[in-house]
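> This one is input_10.cif, mmCIF, C-alpha atoms.
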```
data_upload
#
loop_
_atom_site.label_atom_id
_atom_site.label_comp_id
_atom_site.auth_asym_id
_atom_site.auth_seq_id
_atom_site.Cartn_x
_atom_site.Cartn_y
_atom_site.Cartn_z
CA MET A 1 0.00 0.00 0.00
CA LYS A 2 2.81 2.41 0.80
CA MET A 3 4.39 1.84 -2.61
CA ARG A 4 1.11 2.82 -4.35
CA GLU A 5 0.88 5.95 -2.19
CA LEU A 6 4.47 6.90 -3.07
CA ILE A 7 3.81 6.38 -6.77
CA LEU A 8 0.60 8.43 -6.54
CA LEU A 9 2.43 11.20 -4.68
CA ALA A 10 5.22 11.24 -7.29
CA TRP A 11 2.64 11.42 -10.07
CA LEU A 12 0.82 14.31 -8.43
CA THR A 13 4.10 16.15 -7.91
CA LEU A 14 4.98 15.75 -11.59
CA LEU A 15 1.49 16.83 -12.62
CA LEU A 16 1.60 19.94 -10.45
CA HIS A 17 5.07 20.82 -11.73
CA ALA A 18 3.91 20.45 -15.34
CA CYS A 19 0.87 22.64 -14.63
CA ALA A 20 3.11 25.30 -13.14
CA LEU A 21 4.82 25.63 -16.51
CA SER A 22 1.65 25.68 -18.59
CA PRO A 23 0.98 28.76 -20.74
CA GLN A 24 0.41 32.06 -18.92
CA VAL A 25 -1.64 35.07 -19.96
CA VAL A 26 -0.31 38.34 -18.58
CA VAL A 27 -3.06 40.87 -17.82
CA ILE A 28 -1.82 44.23 -19.08
CA ASP A 29 -2.64 46.97 -16.58
CA PRO A 30 0.34 49.33 -16.06
CA GLU A 31 0.25 51.98 -13.35
CA LEU A 32 0.81 55.42 -14.89
CA SER A 33 2.17 58.28 -12.83
CA THR A 34 -0.25 61.04 -11.92
CA GLU A 35 2.50 63.66 -12.31
CA ALA A 36 1.68 66.20 -14.99
CA SER A 37 4.89 66.78 -16.91
CA ASN A 38 3.16 68.13 -20.03
CA VAL A 39 -0.09 70.05 -19.86
CA ALA A 40 -2.24 71.15 -22.79
CA LEU A 41 -1.22 74.66 -23.81
CA LYS A 42 -4.50 75.38 -25.58
CA PRO A 43 -7.80 73.55 -26.03
CA VAL A 44 -7.18 70.61 -28.36
CA SER A 45 -9.58 67.75 -29.02
CA LEU A 46 -7.73 64.46 -29.22
CA LYS A 47 -8.75 60.96 -30.22
CA VAL A 48 -6.60 58.24 -28.65
CA ASP A 49 -6.44 54.77 -30.15
CA VAL A 50 -4.25 51.77 -29.28
CA GLU A 51 -3.57 49.07 -31.86
CA ASP A 52 -1.70 45.79 -31.65
CA PRO A 53 -0.09 44.99 -35.03
CA ARG A 54 1.89 42.03 -33.64
CA SER A 55 1.28 38.75 -35.45
CA SER A 56 0.79 36.87 -32.17
CA PRO A 57 -0.02 37.73 -28.54
CA ILE A 58 2.84 35.44 -27.42
CA ILE A 59 5.67 37.51 -25.94
CA GLY A 60 8.04 34.65 -25.08
CA GLN A 61 8.62 31.45 -23.14
CA ARG A 62 9.53 31.07 -19.49
CA GLY A 63 12.32 28.60 -20.20
CA GLY A 64 13.01 25.36 -18.37
CA ILE A 65 12.46 21.90 -19.75
CA TYR A 66 8.95 22.66 -21.10
CA LYS A 67 9.90 25.56 -23.39
CA GLU A 68 7.44 24.58 -26.13
CA THR A 69 4.43 24.79 -23.81
CA SER A 70 5.48 27.54 -21.41
CA HIS A 71 4.32 30.47 -23.55
CA ILE A 72 3.59 33.85 -22.05
CA SER A 73 0.94 35.91 -23.85
CA THR A 74 -0.70 39.28 -23.41
CA ASP A 75 -4.42 39.31 -22.62
CA GLN A 76 -7.11 40.06 -25.20
CA ALA A 77 -8.19 43.25 -23.43
CA MET A 78 -4.72 44.82 -23.66
CA THR A 79 -5.53 47.46 -26.29
CA ALA A 80 -8.81 48.45 -24.62
CA THR A 81 -7.09 48.77 -21.22
CA LEU A 82 -4.23 50.86 -22.61
CA GLN A 83 -6.63 53.06 -24.58
CA LYS A 84 -8.72 53.72 -21.47
CA LYS A 85 -5.68 54.53 -19.32
CA LEU A 86 -4.06 56.79 -21.93
CA SER A 87 -7.34 58.58 -22.66
CA ALA A 88 -7.76 59.27 -18.94
CA LYS A 89 -4.16 60.50 -18.71
CA PHE A 90 -4.50 62.90 -21.67
CA SER A 91 -7.81 64.11 -20.28
CA ALA A 92 -6.14 64.79 -16.91
CA LEU A 93 -3.47 66.78 -18.77
CA GLY A 94 -6.16 69.13 -20.13
CA TYR A 95 -6.95 67.64 -23.54
CA THR A 96 -10.52 67.04 -24.66
CA VAL A 97 -10.45 63.32 -25.42
CA ILE A 98 -13.21 62.34 -27.83
CA SER A 99 -14.12 59.07 -29.48
CA LYS A 100 -16.49 59.83 -32.36
CA GLU A 101 -16.30 63.41 -33.60
CA SER A 102 -13.54 64.78 -35.80
CA PRO A 103 -10.67 65.58 -33.44
CA ASP A 104 -8.04 68.29 -33.85
CA ALA A 105 -5.42 65.53 -33.47
CA TYR A 106 -5.61 61.75 -33.77
CA LEU A 107 -3.08 59.74 -31.72
CA THR A 108 -2.50 56.06 -32.44
CA ILE A 109 -0.22 54.00 -30.21
CA ASN A 110 1.00 50.77 -31.80
CA THR A 111 2.36 48.00 -29.57
CA SER A 112 5.08 47.17 -32.09
CA SER A 113 6.95 44.65 -29.95
CA ILE A 114 6.70 43.10 -26.50
CA LYS A 115 9.33 40.44 -25.79
CA TYR A 116 10.00 38.28 -22.74
CA THR A 117 13.34 36.46 -22.81
CA VAL A 118 14.92 34.10 -20.30
CA ILE A 119 18.71 34.25 -20.26
CA GLU A 120 19.81 31.04 -18.56
CA GLU A 121 22.98 31.20 -16.48
CA LYS A 122 24.60 28.72 -14.10
CA LEU A 123 23.58 30.32 -10.79
CA LEU A 124 21.06 33.04 -11.59
CA ASN A 125 18.82 33.40 -14.59
CA GLN A 126 17.84 36.74 -16.04
CA ILE A 127 14.48 37.83 -17.34
CA GLN A 128 14.70 40.49 -20.03
CA ILE A 129 11.67 42.51 -21.07
CA ASP A 130 11.92 44.53 -24.31
CA ILE A 131 9.05 46.77 -25.37
CA GLU A 132 8.70 49.06 -28.37
CA LEU A 133 5.74 51.35 -28.92
CA GLU A 134 5.13 53.64 -31.88
CA ALA A 135 3.14 56.85 -31.58
CA VAL A 136 1.57 58.29 -34.71
CA VAL A 137 -0.19 61.65 -34.51
CA GLN A 138 -2.28 62.91 -37.43
CA LYS A 139 -3.09 66.60 -37.37
CA GLY A 140 -4.63 67.93 -40.57
CA ASN A 141 -2.28 66.91 -43.36
CA ARG A 142 0.73 66.67 -41.01
CA GLU A 143 2.02 63.55 -39.29
CA PHE A 144 4.33 62.89 -36.33
CA ARG A 145 5.89 59.45 -35.75
CA ARG A 146 8.12 58.36 -32.91
CA ASN A 147 9.23 55.08 -31.33
CA TYR A 148 9.59 54.57 -27.58
CA THR A 149 11.56 51.63 -26.21
CA VAL A 150 12.55 50.08 -22.92
CA SER A 151 14.78 47.13 -22.11
CA ARG A 152 14.91 45.83 -18.53
CA LYS A 153 16.66 42.85 -16.95
CA LYS A 154 15.97 41.17 -13.63
CA ASP A 155 17.97 38.42 -11.94
CA VAL A 156 15.87 35.50 -10.73
CA VAL A 157 16.68 32.32 -8.84
CA LYS A 158 13.59 30.39 -9.93
CA THR A 159 11.15 30.66 -12.80
CA PRO A 160 8.76 33.56 -12.06
CA ASP A 161 5.10 32.69 -11.56
CA MET A 162 2.25 34.45 -13.40
CA GLU A 163 1.92 37.21 -10.81
CA ASP A 164 5.66 37.97 -10.97
CA ASN A 165 5.55 38.01 -14.77
CA GLU A 166 2.60 40.41 -14.77
CA ILE A 167 4.55 42.75 -12.48
CA LEU A 168 7.68 42.57 -14.67
CA VAL A 169 5.81 43.24 -17.92
CA ASN A 170 3.54 45.97 -16.48
CA GLU A 171 6.42 47.81 -14.81
CA SER A 172 8.31 47.83 -18.13
CA LEU A 173 5.23 48.96 -20.01
CA ALA A 174 4.64 51.75 -17.48
CA ILE A 175 8.19 53.03 -18.06
CA VAL A 176 7.82 53.16 -21.85
CA LEU A 177 4.39 54.83 -21.56
CA GLN A 178 5.80 57.42 -19.13
CA ASN A 179 8.53 58.13 -21.71
CA LEU A 180 5.81 58.77 -24.28
CA LEU A 181 3.83 60.94 -21.85
CA SER A 182 6.87 63.07 -21.08
CA ASP A 183 7.94 63.60 -24.71
CA GLU A 184 7.84 67.35 -25.31
CA LEU A 185 8.13 66.92 -29.09
CA LEU A 186 4.95 64.82 -29.12
CA PHE A 187 3.06 67.40 -27.07
CA ASP A 188 4.41 70.31 -29.13
CA PHE A 189 3.08 68.63 -32.27
CA ILE A 190 -0.35 68.00 -30.70
CA ASP A 191 -0.57 71.57 -29.37
CA ASN A 192 0.52 73.40 -32.56
#
```
For this file, produce the structure as structure tokens.

Amino acid sequence: MKMRELILLAWLTLLLHACALSPQVVVIDPELSTEASNVALKPVSLKVDVEDPRSSPIIGQRGGIYKETSHISTDQAMTATLQKKLSAKFSALGYTVISKESPDAYLTINTSSIKYTVIEEKLLNQIQIDIELEAVVQKGNREFRRNYTVSRKKDVVKTPDMEDNEILVNESLAIVLQNLLSDELLFDFIDN
């Protein structure tokens, strides 16, 4: 009887370990600073849109022996969440954010690239998050384009769980969005 219990316990341990490395979906919900670095200089109506032109929501694998099944993906609500947060931020900065009428300026944020990479070392592994966003502003017949990037590394002893991965990705995304929100050239184009 004890042998059967040991075999059952070993099986359950393997099953739980395999489940721990099953695919993860990271819920995108970055915290944006409430500091106002750029404020609308004059009344401008602005439409904010977020698009995801990536071919797949998969941002990487967590590594380990189950690399093929340990995908990390962004959630389906990512663009809606980012659009809501950015619209609220631009509204707080003094812009009239609209969704249907013809705006003075139309801002599109493209999530060009979000990558999660495990760099395996002997003692510590590193998680590297690379994010690239593109801002495109249309104002009349003029256009402004600019890329914003961030690359962050974190040393880890063990494979991060889903909560840790959400924190890593959202912190990196918050940094790149704050870079966009503090870009004086972007705001000068919107305001003039």
> Give me the residues of region 122-174 of chain A that have any atom at most 12 Å from an atom of region 45-58 of chain A; for each, the nearest atom pair and the distance in Å, rounded to one decimal. Use only C-alpha atoms, sort by chain and number, and format it as JSON lines.

```
{"residue": "A:Ile131", "atom": "CA", "partner": "A:Arg54", "partner_atom": "CA", "distance": 11.9}
{"residue": "A:Glu132", "atom": "CA", "partner": "A:Arg54", "partner_atom": "CA", "distance": 11.1}
{"residue": "A:Leu133", "atom": "CA", "partner": "A:Asp52", "partner_atom": "CA", "distance": 9.7}
{"residue": "A:Glu134", "atom": "CA", "partner": "A:Glu51", "partner_atom": "CA", "distance": 9.8}
{"residue": "A:Ala135", "atom": "CA", "partner": "A:Val50", "partner_atom": "CA", "distance": 9.3}
{"residue": "A:Val136", "atom": "CA", "partner": "A:Asp49", "partner_atom": "CA", "distance": 9.9}
{"residue": "A:Val137", "atom": "CA", "partner": "A:Val48", "partner_atom": "CA", "distance": 9.3}
{"residue": "A:Gln138", "atom": "CA", "partner": "A:Lys47", "partner_atom": "CA", "distance": 9.9}
{"residue": "A:Lys139", "atom": "CA", "partner": "A:Leu46", "partner_atom": "CA", "distance": 9.6}
```
> Could you write out that same residue set with C-alpha atoms as a short mmCIF file (atom, residue, chain, number, x, y, z; two decimals), in the frame of the given file?

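Writing done, so here's part38.cif:
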```
data_model
loop_
_atom_site.label_atom_id
_atom_site.label_comp_id
_atom_site.auth_asym_id
_atom_site.auth_seq_id
_atom_site.Cartn_x
_atom_site.Cartn_y
_atom_site.Cartn_z
CA ILE A 131 9.05 46.77 -25.37
CA GLU A 132 8.70 49.06 -28.37
CA LEU A 133 5.74 51.35 -28.92
CA GLU A 134 5.13 53.64 -31.88
CA ALA A 135 3.14 56.85 -31.58
CA VAL A 136 1.57 58.29 -34.71
CA VAL A 137 -0.19 61.65 -34.51
CA GLN A 138 -2.28 62.91 -37.43
CA LYS A 139 -3.09 66.60 -37.37
#
```
> Selection in question (the file shown): the PyMOL selection byres ((chain A and resi 115) around 10). Which residues does it include, as a list in words?
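Applying the PyMOL selection byres ((chain A and resi 115) around 10) to the structure shown produces Ile58, Ile59, Gly60, Gln61, Ile72, Ser73, Ser113, Ile114, Tyr116, Thr117, Gln128, Ile129, Asp130, Ile131, Glu132, Ser151 and Val169 of chain A.
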> Assuming the chain letters and numbering stay as they are in my file, what does the PyMOL selection byres ((chain A and resi 86) around 9) actually select? List them as a list in words.
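Going through the file, the PyMOL selection byres ((chain A and resi 86) around 9) ends up selecting Leu32, Val48, Asp49, Val50, Thr81, Leu82, Gln83, Lys84, Lys85, Ser87, Ala88, Lys89, Phe90, Ser91, Leu177 and Leu181 of chain A.
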> Take CA of Ser33 (chain A) and CA of Gln178 (chain A) and report the distance between them in Å, one decimal.
7.3 Å
> Using only C-alpha atoms, give me every residue within 8 Å of (7.1, 65.1, -34.8) in file coordinates, as a PyMOL selection string.
chain A and resi 143-146+185-186+189
> Just the number, please: distance in Å from CA of Lys158 (chain A) to CA of Pro30 (chain A), one decimal.
23.9 Å
> Have a look at CA of Gly140 (chain A) and CA of Pro43 (chain A) and let me know their distance in Å, one decimal.
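Pair CA of Gly140 (chain A) / CA of Pro43 (chain A) returns 15.9 Å.
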> Measuring between only C-alpha atoms, which one of A:Gln126, A:Asn110, A:Ser22, A:Ser99 shows the shortest distance to Lys153 (chain A)?
A:Gln126
> Looking at A:Val157, A:Val150, A:Ile127, A:Ile190, which one is nearest to Ser172 (chain A), with distances taken over only C-alpha atoms?
A:Val150
